[in-house]
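> Dropping the structure in here first, questions after.
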Amino acid sequence: MQKIAFLFDAGQVILSTFDLDEVLQRILGIARDYFQLQNVAIFLLDKETQELCVRSQIGWDEGKEQIRVKVGEGLTGSAALRKQPVYAPDVSHDERYVCSATSTRSEVAIPLLVQDEVVGVLDFQSDRLNHFDKATIELLILFSTQAAMALQNAKLYSLERQRARQLQAINAIAQQSTAVLEIHELLSRVCCLIQEAFQVPQVSLFLHEENEMVLRAQYGDLKLQVKEGSRFALDGAPWSDILASGGTITENDLTKTPDSHRFFADCASRTLIPLVSFGQTLGVLGLHSSHRNAFQGGELQTLESVADICATSIQNANYVERVKQLAYMDGLTGIFNRRYFELRIMEEIERAKRYGNGMSVLLADIDKFKKLNDDFGHLAGDEVLRQVSEIFRNHLRKIDIVCRYGGEEFGVLLPETSGQLALKVAEKLRKAVECFQFRGVPLSVTMSAGIAAFPDHGTKRDELVRAADIQLYAAKQAGRNRVILAPLVRGQSNSK
């Protein structure tokens, strides 16, 4: 009668909640108090690795909480393999014993079964020899049956709640694709939504741009090892594998991978999902964890659905961006116009302030352009403007921004470029223009340019443009066909 009363009371307690952690603590508390045990633990089975992992414990020695036991090893592993209780009346004489508390003298491990499938093991340890008699073990078996039911209910409840959160996240991401059309804001919001919904330590979004992968957004708890905006060659790891396979890649152990390839400090495993829209790989969604084997495929299908929505959202944002750019294009030369220059210079200054990479502004002007128009006609002048624009595009990086600033003047923004490097770039452009044979113009065409760098010559738009413009005027006064870098303000040191 006492046994029935105990099982009824225990069942009422552990089945009265669906919170997994609370269920575990109630199971341990009942086992410890009723059976007068010092050490009690619950192991849960990791199906992928076939290891039993400590999920919760009471009374174990410090530092033993992370024990993982393979199925078939130790008393707990043997119980899981045999699907039957395993008892060691004297652990000092049992080779299977794995020490978790030095006070332990006897131990019994009982598998937690759901429909004859092992989901874990309840482990009971006593500081007395042969503490568990036959009647006690039988009662523990019945108690373990109730515990397995409670765990399964809690897991199912937790899974349903998790799926509900994920569905909300998918819906929110879909809404963002129509509500947010600015690409950088969209990527940041998506990373945040995925990280919170799927409870992963770190989420990142890489975009495929000009034969490189570029880190455009990230959100989470891991420390970033590379900077946002960092670019990676497609023929390097892991991008070459993703593009070759066209599918998701999961890397379960990155502990020996160089930091530059892990992207985040302490990243031990990750899943990388390609973002594909209409057969085109737009980028990669990355999920990162500080634990090995963190991504075992249980949520892979849902995450791939999220990646599909992300790809569509990014494609839509790209379309909007292209439409915007049409409003910022110069009709004659095909490069950006003054309006775009003013928009981007503010963005690049803010980016330089945030990441400390610096940036430079170059203002260039075609020498004696009015005379060229007068001597050879406006059609020839227009052709010179088009050809100079093409020279600039061909000799600059993809991340550099070339604009027709007005008339025969050009504005160039050079992200992540110091003043000295910008001087070399400007000199390369000057030589390219001087050596080019322009159609319809038998004379040599030259240009002059002034350069200013952030933060050496200013930290605001007006300061940088004024400094570059002053040096452009100085180059003209000095005889044209030359480039001049603004002098350093007293007290500042040159950028490296």
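Identifiers for the structure tokens are assigned positionally: chains receive A, B, ... in sequence, residues are indexed from 1 per chain, and ligands are indexed from 1 in the order shown.
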As number ranges by chain, please: all residues of range 199-412 of chain A that backbone DSSP puts in helix (DSSP H, G or I).

A: 239-245, 259-262, 300-327, 338-355, 369-376, 378-395

> May I have the residues within 7 Å of range 116-133 of chain A as a PyMOL selection string, using only C-alpha atoms and disregarding those fewer than 2 positions away in the same chain?

chain A and resi 37-45+52+76+80+89-90+103-114+135-137+144

> Please produce a file of those selected residues containing C-alpha atoms, as a compact mmCIF listing (two decimals), in the first residue's frame.


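Generated file (again_26.txt):
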# COMPACT_ATOMS: atom_id res chain seq x y z
CA LEU A 37 20.25 8.98 -1.63
CA GLN A 38 23.17 11.39 -1.80
CA ASN A 39 23.73 11.28 -5.55
CA VAL A 40 21.08 11.13 -8.27
CA ALA A 41 21.43 11.96 -11.96
CA ILE A 42 19.47 11.90 -15.19
CA PHE A 43 21.27 11.06 -18.41
CA LEU A 44 19.59 11.81 -21.75
CA LEU A 45 20.52 9.94 -24.92
CA LEU A 52 24.48 9.53 -22.65
CA THR A 76 24.61 3.76 -17.25
CA ALA A 80 20.94 1.71 -21.98
CA PRO A 89 26.29 -3.45 -4.85
CA ASP A 90 29.97 -2.55 -4.42
CA SER A 103 31.41 8.97 -1.62
CA THR A 104 29.60 6.40 -3.80
CA ARG A 105 29.65 2.78 -2.61
CA SER A 106 26.74 1.25 -4.55
CA GLU A 107 24.94 2.27 -7.73
CA VAL A 108 21.93 1.25 -9.80
CA ALA A 109 21.23 2.52 -13.32
CA ILE A 110 17.73 2.16 -14.76
CA PRO A 111 16.94 2.90 -18.44
CA LEU A 112 14.19 5.36 -19.28
CA LEU A 113 12.09 3.71 -21.97
CA VAL A 114 9.38 5.15 -24.20
CA ALA A 135 12.11 -4.41 -3.56
CA THR A 136 13.78 -0.99 -3.81
CA ILE A 137 14.99 -1.67 -7.35
CA SER A 144 11.50 5.39 -13.75

> For range 261-277 of chain A, work out the shell of residues within 6 Å, counting only C-alpha atoms and skipping chain neighbours fewer than 5 positions away, then give it as a VMD selection string.

chain A and resid 222 to 226 248 to 255 282 to 292 307 311

> I need the residues from that last selection saved to file as a PDB file, in the first residue's frame (with N, CA and C atoms), if you can.


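The result, written out as selection-v4.pdb:
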ATOM      1  N   LEU A 222      28.583  35.018 -29.711  1.00  0.00           N
ATOM      2  CA  LEU A 222      29.983  34.700 -29.958  1.00  0.00           C
ATOM      3  C   LEU A 222      30.734  35.941 -30.430  1.00  0.00           C
ATOM      4  N   LYS A 223      32.020  35.981 -30.109  1.00  0.00           N
ATOM      5  CA  LYS A 223      32.850  37.130 -30.468  1.00  0.00           C
ATOM      6  C   LYS A 223      33.289  37.020 -31.926  1.00  0.00           C
ATOM      7  N   LEU A 224      33.063  38.100 -32.671  1.00  0.00           N
ATOM      8  CA  LEU A 224      33.394  38.126 -34.092  1.00  0.00           C
ATOM      9  C   LEU A 224      34.909  38.191 -34.272  1.00  0.00           C
ATOM     10  N   GLN A 225      35.456  37.271 -35.079  1.00  0.00           N
ATOM     11  CA  GLN A 225      36.893  37.218 -35.330  1.00  0.00           C
ATOM     12  C   GLN A 225      37.288  38.021 -36.571  1.00  0.00           C
ATOM     13  N   VAL A 226      36.330  38.259 -37.454  1.00  0.00           N
ATOM     14  CA  VAL A 226      36.562  39.084 -38.644  1.00  0.00           C
ATOM     15  C   VAL A 226      35.571  40.241 -38.601  1.00  0.00           C
ATOM     16  N   THR A 248      23.169  22.204 -48.072  1.00  0.00           N
ATOM     17  CA  THR A 248      23.598  22.562 -46.723  1.00  0.00           C
ATOM     18  C   THR A 248      24.821  21.756 -46.310  1.00  0.00           C
ATOM     19  N   ILE A 249      25.742  22.419 -45.608  1.00  0.00           N
ATOM     20  CA  ILE A 249      26.925  21.750 -45.074  1.00  0.00           C
ATOM     21  C   ILE A 249      26.956  21.952 -43.564  1.00  0.00           C
ATOM     22  N   THR A 250      27.098  20.855 -42.822  1.00  0.00           N
ATOM     23  CA  THR A 250      27.228  20.915 -41.366  1.00  0.00           C
ATOM     24  C   THR A 250      28.627  20.444 -40.980  1.00  0.00           C
ATOM     25  N   GLU A 251      29.331  21.279 -40.239  1.00  0.00           N
ATOM     26  CA  GLU A 251      30.675  20.952 -39.755  1.00  0.00           C
ATOM     27  C   GLU A 251      30.599  20.776 -38.238  1.00  0.00           C
ATOM     28  N   ASN A 252      30.778  19.548 -37.784  1.00  0.00           N
ATOM     29  CA  ASN A 252      30.528  19.208 -36.383  1.00  0.00           C
ATOM     30  C   ASN A 252      31.692  19.496 -35.447  1.00  0.00           C
ATOM     31  N   ASP A 253      32.906  19.647 -35.979  1.00  0.00           N
ATOM     32  CA  ASP A 253      34.056  19.898 -35.111  1.00  0.00           C
ATOM     33  C   ASP A 253      35.009  20.865 -35.802  1.00  0.00           C
ATOM     34  N   LEU A 254      34.998  22.122 -35.332  1.00  0.00           N
ATOM     35  CA  LEU A 254      35.857  23.161 -35.914  1.00  0.00           C
ATOM     36  C   LEU A 254      36.982  23.559 -34.969  1.00  0.00           C
ATOM     37  N   THR A 255      37.202  22.754 -33.929  1.00  0.00           N
ATOM     38  CA  THR A 255      38.146  23.154 -32.882  1.00  0.00           C
ATOM     39  C   THR A 255      39.575  23.302 -33.399  1.00  0.00           C
ATOM     40  N   LEU A 282      22.571  33.408 -53.799  1.00  0.00           N
ATOM     41  CA  LEU A 282      22.730  34.811 -53.401  1.00  0.00           C
ATOM     42  C   LEU A 282      23.661  34.972 -52.214  1.00  0.00           C
ATOM     43  N   GLY A 283      23.835  33.902 -51.448  1.00  0.00           N
ATOM     44  CA  GLY A 283      24.662  33.991 -50.253  1.00  0.00           C
ATOM     45  C   GLY A 283      24.532  32.734 -49.420  1.00  0.00           C
ATOM     46  N   VAL A 284      24.865  32.877 -48.134  1.00  0.00           N
ATOM     47  CA  VAL A 284      24.859  31.737 -47.210  1.00  0.00           C
ATOM     48  C   VAL A 284      24.356  32.189 -45.845  1.00  0.00           C
ATOM     49  N   LEU A 285      23.432  31.408 -45.288  1.00  0.00           N
ATOM     50  CA  LEU A 285      22.972  31.597 -43.908  1.00  0.00           C
ATOM     51  C   LEU A 285      23.801  30.700 -43.014  1.00  0.00           C
ATOM     52  N   GLY A 286      24.441  31.278 -42.005  1.00  0.00           N
ATOM     53  CA  GLY A 286      25.290  30.501 -41.101  1.00  0.00           C
ATOM     54  C   GLY A 286      24.746  30.480 -39.685  1.00  0.00           C
ATOM     55  N   LEU A 287      24.758  29.297 -39.071  1.00  0.00           N
ATOM     56  CA  LEU A 287      24.397  29.142 -37.658  1.00  0.00           C
ATOM     57  C   LEU A 287      25.601  28.536 -36.952  1.00  0.00           C
ATOM     58  N   HIS A 288      26.031  29.166 -35.857  1.00  0.00           N
ATOM     59  CA  HIS A 288      27.288  28.811 -35.217  1.00  0.00           C
ATOM     60  C   HIS A 288      27.063  28.509 -33.734  1.00  0.00           C
ATOM     61  N   SER A 289      27.852  27.553 -33.215  1.00  0.00           N
ATOM     62  CA  SER A 289      27.747  27.185 -31.799  1.00  0.00           C
ATOM     63  C   SER A 289      29.138  26.986 -31.211  1.00  0.00           C
ATOM     64  N   SER A 290      29.251  27.217 -29.915  1.00  0.00           N
ATOM     65  CA  SER A 290      30.517  26.988 -29.222  1.00  0.00           C
ATOM     66  C   SER A 290      30.667  25.529 -28.800  1.00  0.00           C
ATOM     67  N   HIS A 291      29.672  24.701 -29.083  1.00  0.00           N
ATOM     68  CA  HIS A 291      29.719  23.275 -28.750  1.00  0.00           C
ATOM     69  C   HIS A 291      29.890  22.448 -30.024  1.00  0.00           C
ATOM     70  N   ARG A 292      30.651  21.373 -29.929  1.00  0.00           N
ATOM     71  CA  ARG A 292      30.749  20.446 -31.043  1.00  0.00           C
ATOM     72  C   ARG A 292      29.427  19.692 -31.219  1.00  0.00           C
ATOM     73  N   ALA A 307      15.751  29.755 -44.918  1.00  0.00           N
ATOM     74  CA  ALA A 307      16.743  30.228 -45.885  1.00  0.00           C
ATOM     75  C   ALA A 307      16.083  30.583 -47.219  1.00  0.00           C
ATOM     76  N   ALA A 311      16.245  34.185 -48.963  1.00  0.00           N
ATOM     77  CA  ALA A 311      16.731  34.387 -50.329  1.00  0.00           C
ATOM     78  C   ALA A 311      15.750  35.237 -51.132  1.00  0.00           C
TER      79      ALA A 311
END

> Might you pull out every residue within 7 Å of Asp367 in chain A, with only C-alpha atoms counted and same-chain residues fewer than 2 positions away left off, and present them as a list in words?

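Using only C-alpha atoms, the neighbours found are Asp365, Phe369, Thr446, Met447, Ser448 and Arg480 of chain A.
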
> Out of A:Asn394, A:Thr302, A:Asn357, A:Ser389, which residue has the shortest atom-to-atom distance to Pro455 in chain A when counting only C-alpha atoms?

A:Asn357

> Interatomic distance between CA of Lys353 in chain A and CA of Gly411 in chain A?

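Going from CA of Lys353 in chain A over to CA of Gly411 in chain A covers 20.6 Å.
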
> Looking only at the backbone, which of the residues in range 181-352 of chain A does DSSP tag as strand (DSSP E or B), as number ranges by chain?

A: 202-209, 212-220, 224, 231-233, 249-251, 264, 269-277, 280-289, 329, 336
